[in-house]
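Visitor: Pasting input.tsv below, which is TSV, C-alpha atoms.
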```tsv
chain	number	residue	atom	x	y	z
A	1433	MET	CA	13.55	-36.12	50.18
A	1434	LYS	CA	16.24	-33.44	50.07
A	1435	LYS	CA	17.80	-35.17	47.07
A	1436	ILE	CA	14.47	-35.18	45.24
A	1437	ILE	CA	13.99	-31.47	45.91
A	1438	LEU	CA	17.46	-30.75	44.52
A	1439	ILE	CA	16.69	-32.78	41.37
A	1440	ILE	CA	13.40	-30.91	40.85
A	1441	ALA	CA	15.18	-27.58	41.35
A	1442	ALA	CA	17.83	-28.55	38.80
A	1443	ILE	CA	15.19	-29.53	36.25
A	1444	ALA	CA	13.31	-26.26	36.82
A	1445	MET	CA	16.53	-24.27	36.37
A	1446	ALA	CA	17.34	-26.10	33.14
A	1447	MET	CA	13.85	-25.45	31.82
A	1448	SER	CA	14.17	-21.77	32.76
A	1449	LEU	CA	17.54	-21.51	30.97
A	1450	ASN	CA	16.11	-23.19	27.87
A	1451	SER	CA	13.17	-20.81	27.94
A	1452	CYS	CA	15.50	-17.81	28.20
A	1453	GLN	CA	17.62	-19.18	25.37
A	1454	ASP	CA	14.53	-19.61	23.18
A	1455	LYS	CA	13.55	-16.00	23.84
A	1456	LYS	CA	17.06	-14.83	22.98
A	1457	THR	CA	17.16	-16.72	19.67
A	1458	GLU	CA	13.60	-15.96	18.63
A	1459	SER	CA	13.44	-13.28	15.94
A	1460	PRO	CA	11.84	-10.01	17.11
A	1461	ARG	CA	9.99	-9.73	13.83
A	1462	ALA	CA	8.09	-11.79	11.32
A	1463	LYS	CA	9.93	-13.67	8.61
A	1464	TYR	CA	7.45	-12.52	6.00
A	1465	ILE	CA	6.13	-8.96	6.20
A	1466	PHE	CA	3.38	-7.39	4.12
A	1467	LEU	CA	2.78	-3.66	4.51
A	1468	MET	CA	-0.35	-2.81	2.52
A	1469	ILE	CA	-1.04	0.91	1.99
A	1470	GLY	CA	-4.31	2.13	0.54
A	1471	ASP	CA	-3.45	5.62	-0.67
A	1472	GLY	CA	-6.20	8.01	0.43
A	1473	MET	CA	-8.21	5.22	2.06
A	1474	GLY	CA	-10.02	6.35	5.19
A	1475	ALA	CA	-12.41	4.34	7.36
A	1476	SER	CA	-15.34	5.74	5.38
A	1477	HIS	CA	-13.92	4.46	2.10
A	1478	VAL	CA	-13.95	1.01	3.66
A	1479	ALA	CA	-17.48	1.54	4.98
A	1480	VAL	CA	-18.76	2.66	1.56
A	1481	ALA	CA	-17.21	-0.38	-0.13
A	1482	GLU	CA	-18.72	-2.76	2.42
A	1483	SER	CA	-22.12	-1.08	2.11
A	1484	TYR	CA	-21.97	-1.66	-1.64
A	1485	LEU	CA	-20.93	-5.31	-1.20
A	1486	SER	CA	-23.75	-5.86	1.27
A	1487	ALA	CA	-26.29	-4.48	-1.18
A	1488	LYS	CA	-24.94	-6.77	-3.90
A	1489	ALA	CA	-25.49	-9.66	-1.49
A	1490	GLY	CA	-29.06	-8.52	-0.88
A	1491	LYS	CA	-28.44	-7.11	2.60
A	1492	ILE	CA	-28.38	-3.70	4.26
A	1493	GLY	CA	-25.01	-4.46	5.88
A	1494	GLY	CA	-22.82	-7.26	7.14
A	1495	GLU	CA	-20.55	-8.00	4.20
A	1496	GLN	CA	-16.86	-7.54	5.01
A	1497	LEU	CA	-13.69	-6.95	3.10
A	1498	THR	CA	-10.75	-9.21	3.90
A	1499	MET	CA	-8.96	-6.44	5.78
A	1500	THR	CA	-11.80	-5.79	8.23
A	1501	GLN	CA	-11.81	-9.47	9.21
A	1502	PHE	CA	-8.31	-9.21	10.66
A	1503	PRO	CA	-8.30	-9.58	14.47
A	1504	TYR	CA	-6.46	-6.38	15.37
A	1505	TYR	CA	-7.70	-2.87	14.66
A	1506	GLY	CA	-6.29	0.56	15.38
A	1507	THR	CA	-6.21	4.12	14.08
A	1508	CYS	CA	-3.25	6.08	12.78
A	1509	THR	CA	-2.69	9.84	12.83
A	1510	THR	CA	-1.15	11.28	9.67
A	1511	HIS	CA	-0.14	14.95	10.18
A	1512	CYS	CA	3.30	16.02	8.97
A	1513	LEU	CA	5.73	18.43	10.64
A	1514	ASP	CA	4.27	21.62	9.27
A	1515	LYS	CA	0.69	20.78	8.29
A	1516	THR	CA	-2.34	19.11	9.84
A	1517	ILE	CA	-3.29	17.71	6.44
A	1518	THR	CA	-0.40	15.77	4.95
A	1519	CYS	CA	0.56	14.57	1.47
A	1520	SER	CA	1.68	11.17	0.22
A	1521	ALA	CA	5.34	12.18	0.16
A	1522	ALA	CA	5.51	13.33	3.79
A	1523	SER	CA	3.25	10.58	5.07
A	1524	GLY	CA	4.96	7.87	3.03
A	1525	THR	CA	8.28	9.09	4.42
A	1526	ALA	CA	6.97	8.93	8.00
A	1527	ILE	CA	5.66	5.40	7.51
A	1528	ALA	CA	8.82	4.19	5.80
A	1529	SER	CA	11.45	5.95	7.94
A	1530	GLY	CA	9.73	6.42	11.28
A	1531	GLN	CA	10.40	10.15	11.20
A	1532	LYS	CA	8.11	13.07	10.40
A	1533	THR	CA	9.10	15.51	7.69
A	1534	LEU	CA	7.82	18.63	5.97
A	1535	TYR	CA	5.00	18.65	3.46
A	1536	SER	CA	6.13	17.40	0.00
A	1537	ARG	CA	9.51	16.15	1.25
A	1538	LEU	CA	10.25	12.63	0.07
A	1539	GLY	CA	12.67	10.47	2.00
A	1540	CYS	CA	14.43	13.44	3.59
A	1541	ASP	CA	14.04	15.56	6.70
A	1542	ALA	CA	13.49	19.31	7.08
A	1543	ASP	CA	17.21	19.93	6.41
A	1544	PHE	CA	17.23	17.67	3.33
A	1545	ASN	CA	19.13	14.89	5.11
A	1546	ARG	CA	18.30	11.46	3.77
A	1547	LEU	CA	16.00	9.35	5.94
A	1548	GLU	CA	16.39	5.58	5.85
A	1549	SER	CA	13.29	3.52	5.11
A	1550	MET	CA	12.67	0.29	6.98
A	1551	ALA	CA	13.41	-1.66	3.80
A	1552	PHE	CA	17.16	-0.89	3.96
A	1553	PRO	CA	17.98	-2.45	7.37
A	1554	LEU	CA	15.76	-5.40	6.45
A	1555	LYS	CA	17.73	-5.83	3.22
A	1556	GLU	CA	20.96	-5.78	5.21
A	1557	GLU	CA	19.59	-8.53	7.46
A	1558	GLY	CA	18.92	-10.79	4.49
A	1559	TYR	CA	15.32	-9.96	3.67
A	1560	LYS	CA	14.33	-9.85	0.04
A	1561	ILE	CA	12.50	-6.62	-0.75
A	1562	GLY	CA	9.49	-6.02	-3.00
A	1563	ILE	CA	8.02	-2.55	-3.63
A	1564	MET	CA	4.90	-2.27	-5.77
A	1565	SER	CA	1.89	-0.11	-6.55
A	1566	SER	CA	-1.13	0.05	-8.80
A	1567	VAL	CA	0.21	3.43	-9.99
A	1568	PRO	CA	3.70	4.37	-11.26
A	1569	ILE	CA	6.49	2.95	-9.14
A	1570	THR	CA	8.04	6.43	-8.94
A	1571	HIS	CA	4.93	7.84	-7.24
A	1572	ALA	CA	5.38	9.28	-3.76
A	1573	THR	CA	4.29	6.39	-1.54
A	1574	PRO	CA	6.35	3.61	-3.13
A	1575	ALA	CA	9.24	6.02	-3.73
A	1576	ALA	CA	9.39	6.82	-0.01
A	1577	PHE	CA	10.71	3.30	0.55
A	1578	TYR	CA	13.77	3.64	-1.71
A	1579	ALA	CA	14.34	7.28	-2.73
A	1580	SER	CA	15.24	10.63	-1.21
A	1581	THR	CA	14.58	13.98	-2.88
A	1582	PRO	CA	13.22	17.43	-1.97
A	1583	ASP	CA	11.24	17.32	-5.23
A	1584	ARG	CA	8.64	14.56	-5.23
A	1585	GLY	CA	7.79	15.53	-8.80
A	1586	ASP	CA	11.21	14.53	-10.13
A	1587	GLY	CA	10.03	11.19	-11.46
A	1588	TYR	CA	13.13	10.56	-13.56
A	1589	GLY	CA	15.48	11.35	-10.69
A	1590	ILE	CA	13.47	9.07	-8.41
A	1591	MET	CA	13.67	6.27	-10.98
A	1592	LYS	CA	17.47	6.59	-11.06
A	1593	GLN	CA	17.58	5.74	-7.34
A	1594	ILE	CA	16.05	2.30	-7.88
A	1595	PRO	CA	19.42	0.63	-8.62
A	1596	ASP	CA	20.99	2.27	-5.55
A	1597	SER	CA	18.53	0.37	-3.36
A	1598	GLY	CA	19.49	-3.08	-4.60
A	1599	PHE	CA	15.94	-4.20	-3.86
A	1600	ASP	CA	14.77	-7.36	-5.56
A	1601	PHE	CA	11.34	-6.60	-7.04
A	1602	PHE	CA	9.63	-3.42	-8.19
A	1603	GLY	CA	6.20	-3.33	-9.76
A	1604	GLY	CA	3.78	-0.66	-10.97
A	1605	SER	CA	1.89	0.76	-13.89
A	1606	GLY	CA	5.08	2.28	-15.32
A	1607	PHE	CA	7.04	5.45	-14.61
A	1608	GLU	CA	5.80	9.00	-14.22
A	1609	ASP	CA	8.61	10.31	-16.36
A	1610	MET	CA	10.08	8.00	-19.00
A	1611	PHE	CA	12.60	10.33	-20.65
A	1612	GLY	CA	13.22	13.12	-18.11
A	1613	LYS	CA	11.61	16.55	-17.91
A	1614	ASP	CA	13.26	17.64	-21.14
A	1615	GLY	CA	12.21	14.44	-22.90
A	1616	GLN	CA	15.78	13.81	-24.00
A	1617	GLN	CA	17.11	11.43	-21.33
A	1618	LEU	CA	17.82	7.74	-21.73
A	1619	GLY	CA	14.58	5.79	-21.41
A	1620	ALA	CA	13.84	4.60	-17.88
A	1621	ASP	CA	13.81	0.98	-18.99
A	1622	LYS	CA	17.19	1.30	-20.71
A	1623	TYR	CA	18.68	3.13	-17.71
A	1624	LEU	CA	17.56	0.43	-15.29
A	1625	GLU	CA	18.77	-2.36	-17.56
A	1626	GLN	CA	22.19	-0.69	-17.73
A	1627	HIS	CA	22.25	-0.70	-13.92
A	1628	GLY	CA	21.42	-4.32	-13.20
A	1629	TYR	CA	17.64	-4.63	-13.48
A	1630	GLU	CA	15.52	-6.58	-15.93
A	1631	VAL	CA	12.56	-4.43	-16.98
A	1632	CYS	CA	9.51	-6.40	-18.08
A	1633	PHE	CA	6.33	-5.12	-19.69
A	1634	GLY	CA	3.36	-7.36	-18.94
A	1635	PRO	CA	3.22	-10.80	-17.29
A	1636	GLU	CA	4.52	-12.74	-20.30
A	1637	GLU	CA	7.82	-10.86	-20.37
A	1638	PHE	CA	8.02	-11.11	-16.60
A	1639	LEU	CA	7.51	-14.88	-16.48
A	1640	ALA	CA	10.02	-15.38	-19.28
A	1641	ALA	CA	12.69	-13.48	-17.37
A	1642	ALA	CA	11.90	-14.25	-13.72
A	1643	ASP	CA	13.95	-17.45	-13.43
A	1644	THR	CA	17.17	-15.96	-14.77
A	1645	CYS	CA	17.43	-12.45	-13.30
A	1646	GLU	CA	18.36	-11.37	-9.79
A	1647	ARG	CA	16.51	-8.04	-9.81
A	1648	ILE	CA	13.42	-7.18	-11.76
A	1649	VAL	CA	11.01	-4.31	-12.49
A	1650	PHE	CA	7.50	-5.17	-13.64
A	1651	CYS	CA	5.47	-2.62	-15.63
A	1652	GLN	CA	2.01	-2.93	-17.08
A	1653	GLN	CA	2.01	-3.90	-20.75
A	1654	LYS	CA	0.34	-0.66	-21.83
A	1655	SER	CA	3.22	1.44	-20.49
A	1656	LYS	CA	5.62	0.19	-23.16
A	1657	ALA	CA	5.73	3.07	-25.61
A	1658	GLU	CA	8.06	5.06	-27.81
A	1659	ASP	CA	7.42	8.46	-26.29
A	1660	ALA	CA	6.72	9.91	-22.87
A	1661	LYS	CA	3.24	11.16	-23.73
A	1662	ALA	CA	1.95	7.65	-24.28
A	1663	TYR	CA	3.87	6.12	-21.42
A	1664	VAL	CA	1.61	6.61	-18.42
A	1665	SER	CA	-2.15	6.29	-18.28
A	1666	GLU	CA	-4.25	6.60	-15.16
A	1667	GLU	CA	-7.01	4.39	-16.53
A	1668	ALA	CA	-6.80	0.62	-16.34
A	1669	ASP	CA	-7.38	-1.31	-19.55
A	1670	ALA	CA	-7.67	-4.89	-20.75
A	1671	GLU	CA	-3.88	-5.34	-20.83
A	1672	ASP	CA	-3.45	-4.54	-17.13
A	1673	ILE	CA	-3.06	-7.24	-14.56
A	1674	THR	CA	-4.69	-6.57	-11.20
A	1675	LEU	CA	-2.82	-5.50	-8.10
A	1676	ALA	CA	-3.62	-8.93	-6.64
A	1677	GLU	CA	-2.00	-10.61	-9.64
A	1678	MET	CA	1.02	-8.33	-9.37
A	1679	LEU	CA	1.43	-9.23	-5.71
A	1680	GLN	CA	1.24	-12.92	-6.56
A	1681	LEU	CA	3.99	-12.42	-9.16
A	1682	ALA	CA	6.12	-10.80	-6.47
A	1683	ILE	CA	5.52	-13.58	-3.94
A	1684	ASP	CA	6.34	-16.26	-6.50
A	1685	TYR	CA	9.47	-14.37	-7.57
A	1686	LEU	CA	10.76	-13.75	-4.04
A	1687	GLY	CA	9.85	-17.23	-2.81
A	1688	ASP	CA	9.52	-18.34	0.80
A	1689	GLU	CA	12.96	-19.82	1.47
A	1690	GLU	CA	14.35	-16.48	2.59
A	1691	PRO	CA	12.55	-13.76	4.58
A	1692	PHE	CA	10.91	-10.96	2.63
A	1693	PHE	CA	9.34	-7.53	3.08
A	1694	ILE	CA	6.71	-6.38	0.60
A	1695	MET	CA	5.17	-2.92	0.46
A	1696	CYS	CA	2.08	-3.04	-1.75
A	1697	GLU	CA	0.14	0.16	-2.47
A	1698	GLY	CA	-3.35	0.64	-3.81
A	1699	GLY	CA	-2.50	4.05	-5.20
A	1700	ASP	CA	-5.52	4.64	-7.38
A	1701	ILE	CA	-7.96	4.84	-4.46
A	1702	ASP	CA	-6.53	8.30	-3.94
A	1703	TRP	CA	-6.88	9.27	-7.60
A	1704	GLU	CA	-10.56	8.34	-7.76
A	1705	SER	CA	-11.21	10.13	-4.47
A	1706	HIS	CA	-9.63	13.36	-5.66
A	1707	SER	CA	-12.26	13.36	-8.42
A	1708	SER	CA	-15.14	12.28	-6.12
A	1709	TYR	CA	-15.82	9.27	-8.33
A	1710	THR	CA	-17.86	7.06	-6.03
A	1711	MET	CA	-18.17	3.86	-8.06
A	1712	PRO	CA	-14.55	3.85	-9.34
A	1713	MET	CA	-13.37	4.50	-5.77
A	1714	ILE	CA	-15.29	1.45	-4.58
A	1715	GLU	CA	-13.79	-0.60	-7.40
A	1716	LYS	CA	-10.27	0.43	-6.38
A	1717	VAL	CA	-10.87	-0.33	-2.68
A	1718	ILE	CA	-12.10	-3.80	-3.62
A	1719	SER	CA	-9.13	-4.29	-5.96
A	1720	PHE	CA	-6.77	-3.33	-3.12
A	1721	ASP	CA	-8.60	-5.71	-0.79
A	1722	ASN	CA	-8.22	-8.50	-3.34
A	1723	ALA	CA	-4.45	-7.99	-3.07
A	1724	ILE	CA	-4.77	-8.18	0.71
A	1725	ALA	CA	-6.57	-11.49	0.22
A	1726	VAL	CA	-3.52	-12.80	-1.67
A	1727	ALA	CA	-1.30	-11.84	1.28
A	1728	TYR	CA	-3.80	-13.47	3.62
A	1729	GLU	CA	-3.62	-16.75	1.68
A	1730	PHE	CA	0.15	-16.66	2.13
A	1731	TYR	CA	-0.35	-15.95	5.84
A	1732	LYS	CA	-2.56	-19.03	6.21
A	1733	ALA	CA	0.30	-21.17	4.90
A	1734	HIS	CA	2.81	-19.48	7.28
A	1735	PRO	CA	0.72	-18.23	10.22
A	1736	GLU	CA	3.52	-18.21	12.82
A	1737	GLU	CA	5.97	-16.35	10.60
A	1738	THR	CA	3.88	-13.76	8.74
A	1739	LEU	CA	2.74	-10.23	9.58
A	1740	ILE	CA	0.21	-8.28	7.50
A	1741	VAL	CA	-0.38	-4.61	8.28
A	1742	VAL	CA	-2.97	-2.63	6.32
A	1743	THR	CA	-3.23	1.14	6.60
A	1744	ALA	CA	-3.30	4.37	4.57
A	1745	ASP	CA	-1.03	7.36	4.14
A	1746	HIS	CA	-3.93	9.79	4.56
A	1747	GLU	CA	-7.64	10.13	3.80
A	1748	THR	CA	-8.78	11.75	0.57
A	1749	GLY	CA	-12.13	13.32	-0.26
A	1750	GLY	CA	-13.94	13.11	3.06
A	1751	VAL	CA	-16.40	10.57	1.69
A	1752	ALA	CA	-19.50	9.77	3.75
A	1753	ILE	CA	-22.48	7.45	3.50
A	1754	GLY	CA	-25.31	9.91	3.73
A	1755	GLN	CA	-25.83	13.38	2.35
A	1756	GLY	CA	-28.77	15.72	2.62
A	1757	GLU	CA	-30.76	17.53	5.29
A	1758	SER	CA	-33.24	14.79	6.09
A	1759	TRP	CA	-32.15	11.46	7.52
A	1760	SER	CA	-35.16	9.85	5.86
A	1761	ASN	CA	-33.60	10.54	2.46
A	1762	THR	CA	-30.36	8.72	3.15
A	1763	PHE	CA	-31.36	5.24	2.01
A	1764	ILE	CA	-28.52	4.08	-0.22
A	1765	ASP	CA	-29.83	2.13	-3.20
A	1766	TRP	CA	-26.55	0.72	-4.50
A	1767	ILE	CA	-28.18	-1.31	-7.24
A	1768	LYS	CA	-29.76	1.81	-8.70
A	1769	ILE	CA	-26.56	3.82	-8.18
A	1770	GLU	CA	-24.46	1.25	-10.02
A	1771	GLU	CA	-26.92	1.02	-12.90
A	1772	GLU	CA	-26.99	4.80	-13.28
A	1773	TRP	CA	-23.23	5.05	-13.19
A	1774	GLU	CA	-22.76	2.38	-15.87
A	1775	LYS	CA	-25.42	3.96	-18.04
A	1776	ASN	CA	-23.96	7.49	-17.94
A	1777	LYS	CA	-20.36	6.88	-16.85
A	1778	GLU	CA	-18.70	8.93	-19.56
A	1779	LYS	CA	-20.81	11.97	-18.70
A	1780	TYR	CA	-19.95	11.77	-15.03
A	1781	LEU	CA	-16.25	11.24	-15.76
A	1782	GLN	CA	-16.08	14.28	-18.02
A	1783	ASP	CA	-18.47	16.68	-16.26
A	1784	SER	CA	-17.65	17.44	-12.62
A	1785	LYS	CA	-20.98	19.18	-12.07
A	1786	ALA	CA	-22.90	16.17	-13.38
A	1787	ASN	CA	-20.82	13.89	-11.16
A	1788	ARG	CA	-21.53	16.08	-8.12
A	1789	GLU	CA	-25.25	15.91	-8.86
A	1790	PHE	CA	-24.96	12.14	-9.25
A	1791	ASN	CA	-23.35	11.85	-5.80
A	1792	GLU	CA	-25.98	14.09	-4.23
A	1793	ALA	CA	-28.80	12.05	-5.75
A	1794	SER	CA	-27.06	8.91	-4.45
A	1795	HIS	CA	-26.76	10.41	-0.93
A	1796	ILE	CA	-22.98	9.95	-0.97
A	1797	GLY	CA	-21.17	12.97	0.41
A	1798	TRP	CA	-17.74	14.22	-0.58
A	1799	THR	CA	-16.43	17.15	1.46
A	1800	THR	CA	-13.35	18.01	-0.60
A	1801	SER	CA	-11.40	17.16	-3.72
A	1802	TYR	CA	-8.21	16.97	-1.68
A	1803	HIS	CA	-6.83	15.25	1.40
A	1804	THR	CA	-8.31	15.50	4.89
A	1805	GLY	CA	-6.67	15.42	8.30
A	1806	GLY	CA	-8.54	12.55	9.91
A	1807	ALA	CA	-6.91	9.43	11.32
A	1808	VAL	CA	-6.86	6.37	9.06
A	1809	PRO	CA	-7.56	2.73	9.96
A	1810	VAL	CA	-4.97	0.07	10.72
A	1811	TYR	CA	-5.86	-3.61	10.29
A	1812	SER	CA	-3.35	-6.31	11.18
A	1813	ILE	CA	-2.88	-10.03	11.59
A	1814	GLY	CA	0.01	-12.34	12.36
A	1815	LYS	CA	3.24	-12.16	14.30
A	1816	GLY	CA	3.44	-8.87	16.18
A	1817	ALA	CA	0.05	-7.69	14.93
A	1818	GLU	CA	-1.09	-6.80	18.43
A	1819	LYS	CA	1.37	-3.88	18.43
A	1820	PHE	CA	-0.88	-2.05	15.98
A	1821	MET	CA	-3.95	-1.95	18.20
A	1822	GLY	CA	-5.31	1.33	19.50
A	1823	ARG	CA	-4.14	4.80	18.53
A	1824	ILE	CA	-0.75	5.07	16.86
A	1825	ASP	CA	1.00	7.59	14.60
A	1826	ASN	CA	2.37	6.88	11.13
A	1827	ALA	CA	5.90	7.46	12.43
A	1828	ASP	CA	5.39	4.51	14.84
A	1829	ILE	CA	4.91	1.95	12.10
A	1830	LYS	CA	8.57	1.38	11.23
A	1831	GLY	CA	9.57	0.59	14.80
A	1832	LYS	CA	6.63	-1.72	15.35
A	1833	ILE	CA	7.36	-3.68	12.16
A	1834	LEU	CA	11.06	-3.96	12.96
A	1835	GLY	CA	10.19	-5.22	16.44
A	1836	LYS	CA	11.61	-2.29	18.36
```
Using the file provided, produce a representation of the structure as structure tokens.

Guide:
Amino acid sequence: MKKIILIIAAIAMAMSLNSCQDKKTESPRAKYIFLMIGDGMGASHVAVAESYLSAKAGKIGGEQLTMTQFPYYGTCTTHCLDKTITCSAASGTAIASGQKTLYSRLGCDADFNRLESMAFPLKEEGYKIGIMSSVPITHATPAAFYASTPDRGDGYGIMKQIPDSGFDFFGGSGFEDMFGKDGQQLGADKYLEQHGYEVCFGPEEFLAAADTCERIVFCQQKSKAEDAKAYVSEEADAEDITLAEMLQLAIDYLGDEEPFFIMCEGGDIDWESHSSYTMPMIEKVISFDNAIAVAYEFYKAHPEETLIVVTADHETGGVAIGQGESWSNTFIDWIKIEEEWEKNKEKYLQDSKANREFNEASHIGWTTSYHTGGAVPVYSIGKGAEKFMGRIDNADIKGKILGK
């Protein structure tokens, strides 16, 4: 009997040691990480988009975006060091580096010291890195993951920091500043090509080059131009691929043999919200969610190794479902709203007063044309997703993703 007890004890000890060894060798973080940032996207932006989708399905409510179907939900505070209401540069820096900074600072602290984004230690550990946006890749949020400057408006200087990162994939609508502020600098595409990157305009050029280059920058086809004035457009056109398609290009390019980190921004949600454009804002939220759906399809193929985190850098516009003194007048007829918008879109886009009257008649409220100070949502799924439940701050995101 004593011998049997000793044998059982030995087996239990061996199992315990194996368990401890497994815990020691298990990676503290996901192999594949998607950080999805909806610029300017507050909880009400999501609610408005889902209200619209429900109406299109013939219901008052109940339709969900992909992001709101994720099992873990939290909220994220966004203030910066010196202001309650932040900007994309300061908030993007806090998300990327895990450290708060002053308003308008990009990738640097209050004393202008460079702050390291989470992408750099991941790169050192062997992760492939993809940074992309629906807006120019030198815009504040994507730039916070690879650049450092006290002047977030220095688009050309930000572009020149892309090669310093050594990151594998960049994607966006183009560059904010193609030839420098004086218009006399070497074109951004030529500069990057001289420093080790293949710059591709449109999916055809990208696919032709993807198999033979180690580092690549994707730009929308329309951004290929001879002069800076024609280089960047805020309006999508027939030549644009969607953010979802861009993300799929990145996933295919990076592959799944090695770990990767992808930051994917829906930057134009913010732009439409600054102008209080209700229907275009909804379109951009849905477009961003379609990109999230691409990440989710990847997750379903690698559920034990993938983390998807969806959040925003700040809220823009203070949008609300319901406007007016009487609650009885707040029925939202999305079918009628959409028809009216399509019928008179050019008028509303060009005349801010007419657009304001359109929103009022639609019972959609916008409190400001700028950012607000409210917390933003956090949706997550996958390995480590439970860390993002409850109330967090944007400076917590880096540590939670890195598994610290």

Visitor: Closest to A:His1477 among A:Ala1682, A:Ile1813, A:Leu1497, A:Ala1640, using only C-alpha atoms?

Guide: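 Closest to A:His1477 of all the choices is A:Leu1497.
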
Visitor: Interatomic distance between atom CA of A:Ser1655 and atom CA of A:His1746?

Guide: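 Separation of atom CA of A:Ser1655 and atom CA of A:His1746: 27.4 Å.
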
Visitor: Using all atoms listed in the file, list the residues that have an atom at most 9 Å from (-16.9, 18.7, 0.1), coordinates as in the file, as a list in words.

Guide: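 The residues that fall inside the cut-off are Gly1749, Gly1750, Val1751, Gly1797, Trp1798, Thr1799, Thr1800 and Ser1801 of chain A.
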
Visitor: So which one's closest to A:Asn1722, A:Cys1696, A:Ala1744, A:Leu1639, A:Ile1561? Using only C-alpha atoms, please.

Guide: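 So, comparing all the options, the nearest one is A:Cys1696.
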
Visitor: Measuring atom to atom with only C-alpha atoms, identify which of A:Ile1648, A:Ile1718, A:Ala1793, A:Ile1753 is nearest to A:Gly1604.

Guide: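 Among the listed residues, the smallest separation from A:Gly1604 belongs to A:Ile1648.
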
Visitor: To one decimal place in Å, what is the distance between atom CA of A:Ile1829 and atom CA of A:Cys1651?

Guide: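 So the answer is 28.1 Å.
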
Visitor: Determine the nearest neighbour of A:Lys1515 from the options A:Val1567, A:Ile1824, A:Leu1534, A:Ile1594, counting all atoms listed in the file.

Guide: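 Using all atoms listed in the file, the shortest distance to A:Lys1515 belongs to A:Leu1534.
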
Visitor: I want to know what sits within 6 Å of A:Gly1506, based on all atoms listed in the file, with residues of the same chain fewer than 4 positions away left out; could you give that as a short mmCIF file (atom, residue, chain, number, x, y, z; two decimals) with C-alpha atoms, in the frame of the given file?

Guide:
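Listed below is the output, around_8.cif:
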```
data_model
loop_
_atom_site.label_atom_id
_atom_site.label_comp_id
_atom_site.auth_asym_id
_atom_site.auth_seq_id
_atom_site.Cartn_x
_atom_site.Cartn_y
_atom_site.Cartn_z
CA PRO A 1809 -7.56 2.73 9.96
CA VAL A 1810 -4.97 0.07 10.72
CA MET A 1821 -3.95 -1.95 18.20
CA GLY A 1822 -5.31 1.33 19.50
CA ARG A 1823 -4.14 4.80 18.53
#
```

Visitor: Considering all atoms listed in the file, state which residue in the set A:Glu1630, A:Asp1600, A:Asp1684, A:Asp1586 is at the smallest distance from A:Lys1613.

Guide: A:Asp1586

Visitor: Starting from the point (12.0, 3.7, 3.2), work out which residues of protein, DNA or RNA have an atom no more than 9 Å away when counting all atoms listed in the file; state them as a list in words.

Guide: Gly1524, Thr1525, Ala1526, Ile1527, Ala1528, Ser1529, Gly1530, Gly1539, Leu1547, Glu1548, Ser1549, Met1550, Ala1551, Phe1552, Pro1574, Ala1575, Ala1576, Phe1577, Tyr1578, Ala1579 and Ser1580 of chain A

Visitor: For A:Met1591, which residue among A:Asp1672, A:Asp1621, A:Asp1614, A:Glu1729 is the nearest when counting only C-alpha atoms?

Guide: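 The shortest atom-to-atom distance to A:Met1591 comes from A:Asp1621.
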
Visitor: Report, in Å with one decimal, the straight-line distance from atom CA of A:His1734 to atom CA of A:Ile1673.

Guide: 25.7 Å

Visitor: Stretch 1461-1468 of chain A: which residues within 8 Å, counting all atoms listed in the file, same-chain residues fewer than 3 positions away excluded, as a list of chain:residue names?

Guide: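 The residues satisfying every condition are A:Glu1690, A:Pro1691, A:Phe1692, A:Phe1693, A:Ile1694, A:Met1695, A:Cys1696, A:Glu1697, A:Gly1698, A:Ile1724, A:Ala1727, A:Glu1737, A:Thr1738, A:Leu1739, A:Ile1740, A:Val1741, A:Val1742, A:Thr1743, A:Lys1815, A:Gly1816, A:Ile1833, A:Leu1834, A:Gly1835.
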